[in-house]
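The file model-v7.cif comes next; it holds mmCIF, C-alpha atoms.
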```cif
data_entry
#
loop_
_atom_site.label_atom_id
_atom_site.label_comp_id
_atom_site.auth_asym_id
_atom_site.auth_seq_id
_atom_site.Cartn_x
_atom_site.Cartn_y
_atom_site.Cartn_z
CA MET A 22 -9.08 16.57 -8.32
CA THR A 23 -9.93 16.32 -11.99
CA SER A 24 -10.65 12.98 -13.63
CA ASP A 25 -7.36 13.26 -15.53
CA GLU A 26 -5.42 13.77 -12.29
CA ILE A 27 -7.18 10.78 -10.75
CA ALA A 28 -6.57 8.64 -13.83
CA ALA A 29 -2.84 9.40 -13.64
CA LEU A 30 -2.72 7.92 -10.13
CA PHE A 31 -3.98 4.56 -11.41
CA THR A 32 -2.34 4.49 -14.85
CA ARG A 33 0.76 2.34 -14.77
CA SER A 34 4.00 3.09 -16.60
CA SER A 35 2.83 0.51 -19.17
CA GLY A 36 -0.11 2.82 -19.99
CA ASP A 37 -2.75 0.50 -18.49
CA TYR A 38 -5.41 1.83 -16.11
CA VAL A 39 -5.60 -0.60 -13.18
CA PHE A 40 -7.63 0.11 -10.02
CA ALA A 41 -8.25 -2.24 -7.08
CA ARG A 42 -9.42 -1.90 -3.49
CA TRP A 43 -9.82 -4.37 -0.64
CA SER A 44 -13.09 -6.27 -0.42
CA ARG A 45 -12.24 -8.29 2.71
CA PRO A 46 -11.34 -6.78 6.11
CA ILE A 47 -7.66 -5.90 6.46
CA VAL A 48 -5.64 -7.92 8.98
CA PRO A 49 -2.14 -6.48 9.45
CA VAL A 50 0.91 -8.15 10.96
CA VAL A 51 4.28 -6.40 11.33
CA PHE A 52 7.76 -7.97 11.44
CA GLY A 53 11.16 -6.54 12.33
CA THR A 54 10.24 -3.68 14.64
CA ASP A 55 9.77 -2.86 18.30
CA ASP A 56 6.46 -2.67 20.16
CA ALA A 57 6.24 1.12 19.94
CA THR A 58 6.67 1.16 16.17
CA LEU A 59 4.32 -1.80 15.85
CA ALA A 60 1.58 0.21 17.56
CA THR A 61 2.34 3.21 15.32
CA VAL A 62 2.07 1.14 12.13
CA LYS A 63 -1.16 -0.56 13.18
CA GLY A 64 -2.57 2.81 14.22
CA ALA A 65 -1.78 4.24 10.78
CA VAL A 66 -3.49 1.31 9.06
CA GLU A 67 -6.52 1.78 11.31
CA ALA A 68 -6.58 5.50 10.43
CA VAL A 69 -6.65 4.90 6.68
CA VAL A 70 -9.21 2.10 7.02
CA THR A 71 -11.45 4.43 9.05
CA LEU A 72 -10.99 7.15 6.45
CA ALA A 73 -12.04 4.70 3.73
CA GLY A 74 -15.05 3.46 5.68
CA HIS A 75 -13.62 -0.05 5.37
CA LYS A 76 -12.99 -2.68 8.08
CA MET A 77 -10.18 -4.36 9.97
CA ALA A 78 -10.32 -7.76 11.66
CA GLU A 79 -8.32 -9.90 14.09
CA THR A 80 -7.81 -12.68 11.56
CA ASP A 81 -8.49 -13.63 7.95
CA PRO A 82 -10.20 -17.06 7.89
CA GLU A 83 -8.21 -18.16 4.83
CA GLN A 84 -4.85 -16.45 5.29
CA GLY A 85 -4.52 -15.55 8.96
CA ALA A 86 -3.09 -12.14 8.11
CA ASN A 87 -3.48 -10.48 4.73
CA LEU A 88 -1.33 -7.37 5.16
CA MET A 89 2.23 -8.43 6.04
CA ILE A 90 4.73 -5.63 6.67
CA PHE A 91 8.46 -6.31 6.91
CA PHE A 92 11.05 -3.83 8.22
CA PHE A 93 14.72 -4.67 7.65
CA ARG A 94 18.15 -3.20 6.83
CA GLU A 95 19.23 -5.14 3.72
CA TRP A 96 17.19 -6.74 0.95
CA ARG A 97 19.18 -9.98 1.27
CA GLU A 98 17.62 -10.55 4.69
CA LEU A 99 14.36 -11.48 2.97
CA LEU A 100 15.95 -14.58 1.45
CA ASP A 101 16.31 -16.01 4.97
CA VAL A 102 12.62 -15.59 5.87
CA PRO A 103 11.03 -19.08 5.88
CA ASP A 104 8.48 -19.69 3.11
CA LEU A 105 8.52 -16.08 1.92
CA ASP A 106 9.45 -17.30 -1.55
CA ARG A 107 6.13 -19.16 -1.60
CA LEU A 108 4.24 -15.89 -1.09
CA VAL A 109 6.36 -13.81 -3.47
CA GLU A 110 7.12 -15.66 -6.67
CA GLY A 111 10.63 -15.10 -8.00
CA LEU A 112 11.78 -13.61 -4.70
CA GLU A 113 15.51 -14.03 -5.29
CA GLY A 114 15.45 -12.28 -8.65
CA ARG A 115 13.22 -9.53 -7.26
CA VAL A 116 15.59 -8.95 -4.34
CA ALA A 117 18.54 -8.66 -6.75
CA ARG A 118 16.64 -6.10 -8.85
CA LEU A 119 15.61 -4.03 -5.82
CA GLU A 120 19.21 -4.07 -4.55
CA ALA A 121 20.48 -2.88 -7.92
CA GLU A 122 17.91 -0.06 -7.98
CA GLY A 123 18.76 1.04 -4.43
CA ALA A 124 15.06 0.80 -3.56
CA ASN A 125 13.88 1.22 0.01
CA GLN A 126 10.27 0.06 -0.44
CA TYR A 127 8.33 -2.54 -2.40
CA ARG A 128 4.73 -3.73 -2.24
CA HIS A 129 3.59 -7.11 -3.58
CA PHE A 130 -0.17 -7.49 -4.09
CA ARG A 131 -2.25 -10.62 -4.55
CA PHE A 132 -5.79 -10.49 -5.93
CA GLU A 133 -9.20 -12.11 -5.66
CA GLU A 134 -10.86 -13.60 -8.74
CA THR A 135 -12.89 -10.38 -8.91
CA GLY A 136 -9.71 -8.30 -9.14
CA ALA A 137 -10.03 -6.91 -5.60
CA ILE A 138 -6.95 -6.89 -3.38
CA ARG A 139 -6.67 -10.20 -1.53
CA ALA A 140 -3.37 -9.60 0.27
CA CYS A 141 -0.40 -7.26 0.32
CA ILE A 142 3.16 -7.89 1.43
CA ALA A 143 4.98 -4.62 2.07
CA PHE A 144 8.76 -4.41 2.39
CA ILE A 145 10.52 -1.41 3.92
CA ARG A 146 14.31 -1.25 3.91
CA MET A 147 15.38 1.20 6.58
CA ASP A 148 18.09 3.01 4.68
CA ASP A 149 19.66 6.29 5.83
CA SER A 150 16.84 8.45 4.41
CA LEU A 151 14.08 6.46 6.13
CA GLN A 152 15.95 6.27 9.42
CA GLU A 153 15.85 10.07 9.55
CA MET A 154 12.05 10.13 9.17
CA PRO A 155 9.62 9.89 12.12
CA ALA A 156 7.96 6.49 12.48
CA GLU A 157 4.53 8.15 12.16
CA THR A 158 5.42 9.53 8.73
CA ILE A 159 6.68 6.18 7.45
CA ALA A 160 3.62 4.39 8.83
CA LEU A 161 1.05 6.84 7.38
CA SER A 162 2.74 6.82 3.98
CA LEU A 163 2.74 3.03 3.97
CA ALA A 164 -0.92 2.87 5.02
CA ALA A 165 -1.95 5.24 2.23
CA GLN A 166 -0.09 3.18 -0.35
CA VAL A 167 -1.51 -0.24 0.61
CA VAL A 168 -5.20 0.73 0.90
CA LEU A 169 -5.51 0.95 -2.90
CA LEU A 170 -3.58 -0.38 -5.88
CA TRP A 171 -1.98 2.85 -7.04
CA SER A 172 0.07 3.27 -10.19
CA ASP A 173 3.75 2.39 -9.91
CA THR A 174 4.44 6.07 -10.64
CA ALA A 175 1.73 7.61 -8.43
CA PHE A 176 3.84 9.16 -5.67
CA ARG A 177 7.24 9.59 -7.29
CA GLU A 178 7.01 13.38 -7.32
CA GLN A 179 4.63 14.11 -4.45
CA SER A 180 3.96 12.26 -1.21
CA PRO A 181 0.42 11.18 -0.27
CA LEU A 182 0.99 13.08 2.99
CA ALA A 183 0.94 16.73 4.00
CA LEU A 184 2.23 18.69 7.00
CA VAL A 185 -0.46 20.66 8.86
CA ARG A 186 0.69 22.64 11.90
CA GLU A 187 3.65 20.28 12.39
CA THR A 188 1.37 17.24 12.20
CA VAL A 189 1.65 14.76 9.33
CA VAL A 190 -1.74 13.90 7.79
CA PHE A 191 -3.10 12.44 4.56
CA ARG A 192 -3.28 15.06 1.83
CA PRO A 193 -6.91 16.27 1.61
CA ASP A 194 -7.17 15.32 -2.07
CA ILE A 195 -5.75 11.84 -1.44
CA GLY A 196 -8.01 11.38 1.59
CA GLY A 197 -11.02 12.38 -0.47
CA LEU A 198 -10.01 10.03 -3.25
CA ILE A 199 -9.63 7.10 -0.84
CA ARG A 200 -13.11 7.78 0.56
CA ALA A 201 -14.57 7.98 -2.96
CA ALA A 202 -12.80 4.77 -3.99
CA TYR A 203 -14.49 2.88 -1.14
CA ASP A 204 -17.97 4.23 -1.87
CA PRO A 205 -20.22 1.11 -1.74
CA VAL A 206 -21.56 1.77 -5.23
CA MET A 207 -18.07 1.71 -6.75
CA PRO A 208 -16.50 -1.53 -8.04
CA ASP A 209 -13.72 -3.38 -6.22
CA ALA A 210 -11.63 -3.36 -9.39
CA ALA A 211 -11.61 -1.50 -12.70
CA GLN A 212 -9.49 -1.32 -15.85
CA ASP A 213 -11.45 1.27 -17.81
CA PRO A 214 -10.21 4.88 -17.46
CA SER A 215 -13.84 6.06 -17.30
CA HIS A 216 -13.72 4.76 -13.73
CA ALA A 217 -11.66 7.88 -12.89
CA MET A 218 -14.59 10.06 -13.99
CA ARG A 219 -16.86 8.24 -11.54
CA LEU A 220 -14.33 8.81 -8.75
CA ALA A 221 -14.12 12.51 -9.60
CA ALA A 222 -17.91 12.79 -9.49
CA ARG A 223 -17.99 11.29 -5.99
CA MET A 224 -15.25 13.58 -4.76
CA ALA A 225 -17.22 16.57 -6.07
#
```

Spell out the structure here as structure tokens.
Amino acid sequence: MTSDEIAALFTRSSGDYVFARWSRPIVPVVFGTDDATLATVKGAVEAVVTLAGHKMAETDPEQGANLMIFFFREWRELLDVPDLDRLVEGLEGRVARLEAEGANQYRHFRFEETGAIRACIAFIRMDDSLQEMPAETIALSLAAQVVLLWSDTAFREQSPLALVRETVVFRPDIGGLIRAAYDPVMPDAAQDPSHAMRLAARMA
């Protein structure tokens, strides 16, 4: 990938370059699914964490879990989840907006003082299109999109996944970029587009 292609993946629709990765181990918890899908989702998170050379843990000493994943059928269901409005500010208004847009996914990130990702709350509304997709595909796509703070436009036209001999995997360029982003010499957060040039150098 060129530095311009990388920069586009972290340049928001506002025009700002914003990059962040996790500094603390990732501790996932999944709500609203059966045991089989739970294992699939956690396996996908473990796969992307291994790819990044990062870590998972059984618990976060400050938060318990720091990657919370919710599966549901209608956005309004979130308003009945106890204390969720304390984790996601302006939840009711956000739910109304997501309903109006017909969205089926949303990710809410919280950050450390350094700018690194502190926590992520991922919402997946199982609409007709998602119900037709294999659980493995949904889980891998989700894992790829929570391991870094991508642009809000990053995967609108092309998925972070690829199909190789009927097996869904991370796209090689996205996998390489995730590995480069977690290189120990790279910062946990960046807002200067020159950061994309450093990522490109590590991928090369």

With 3 Å of padding per side, what axis-aligned box (centre and edge lengths, Å, one decimal) covers all the listed atoms of range 127-145 of chain A? Give it as lines of an AutoDock Vina configuration file.
```
center_x = -1.2
center_y = -7.5
center_z = -2.6
size_x = 29.4
size_y = 18.2
size_z = 19.1
```

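For the pair CA of Ile142 in chain A and CA of Ala160 in chain A, the interatomic distance is 14.3 Å.
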
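Each of A:Thr174, A:Gln84, A:Ser180, A:Thr61 was compared to Ser34 in chain A using all atoms listed in the file, and A:Thr174 turns out to be the nearest.
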
Contacts of Asp149 in chain A at 12 Å or less, counting only C-alpha atoms, minus same-chain residues fewer than 5 places along, as a list in words?
Arg94, Glu95, Gly123, Ala124, Asn125 and Met154 of chain A

Run the PyMOL selection byres ((chain A and resi 189-202) around 7) against the file shown and list the residues it catches, as a count of residues only.
18

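Here the PyMOL selection byres ((chain A and resi 59) around 12) captures the residues Pro49, Val50, Val51, Phe52, Gly53, Thr54, Asp55, Asp56, Ala57, Thr58, Ala60, Thr61, Val62, Lys63, Gly64, Ala65, Val66, Ile90, Phe91, Phe92, Ala156, Glu157, Ile159 and Ala160 of chain A.
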
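Taking CA of Gly111 in chain A and CA of Phe144 in chain A as the two end points, the separation is 15.0 Å.
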
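Interatomic distance, CA of Phe93 in chain A against CA of Arg146 in chain A: 5.1 Å.
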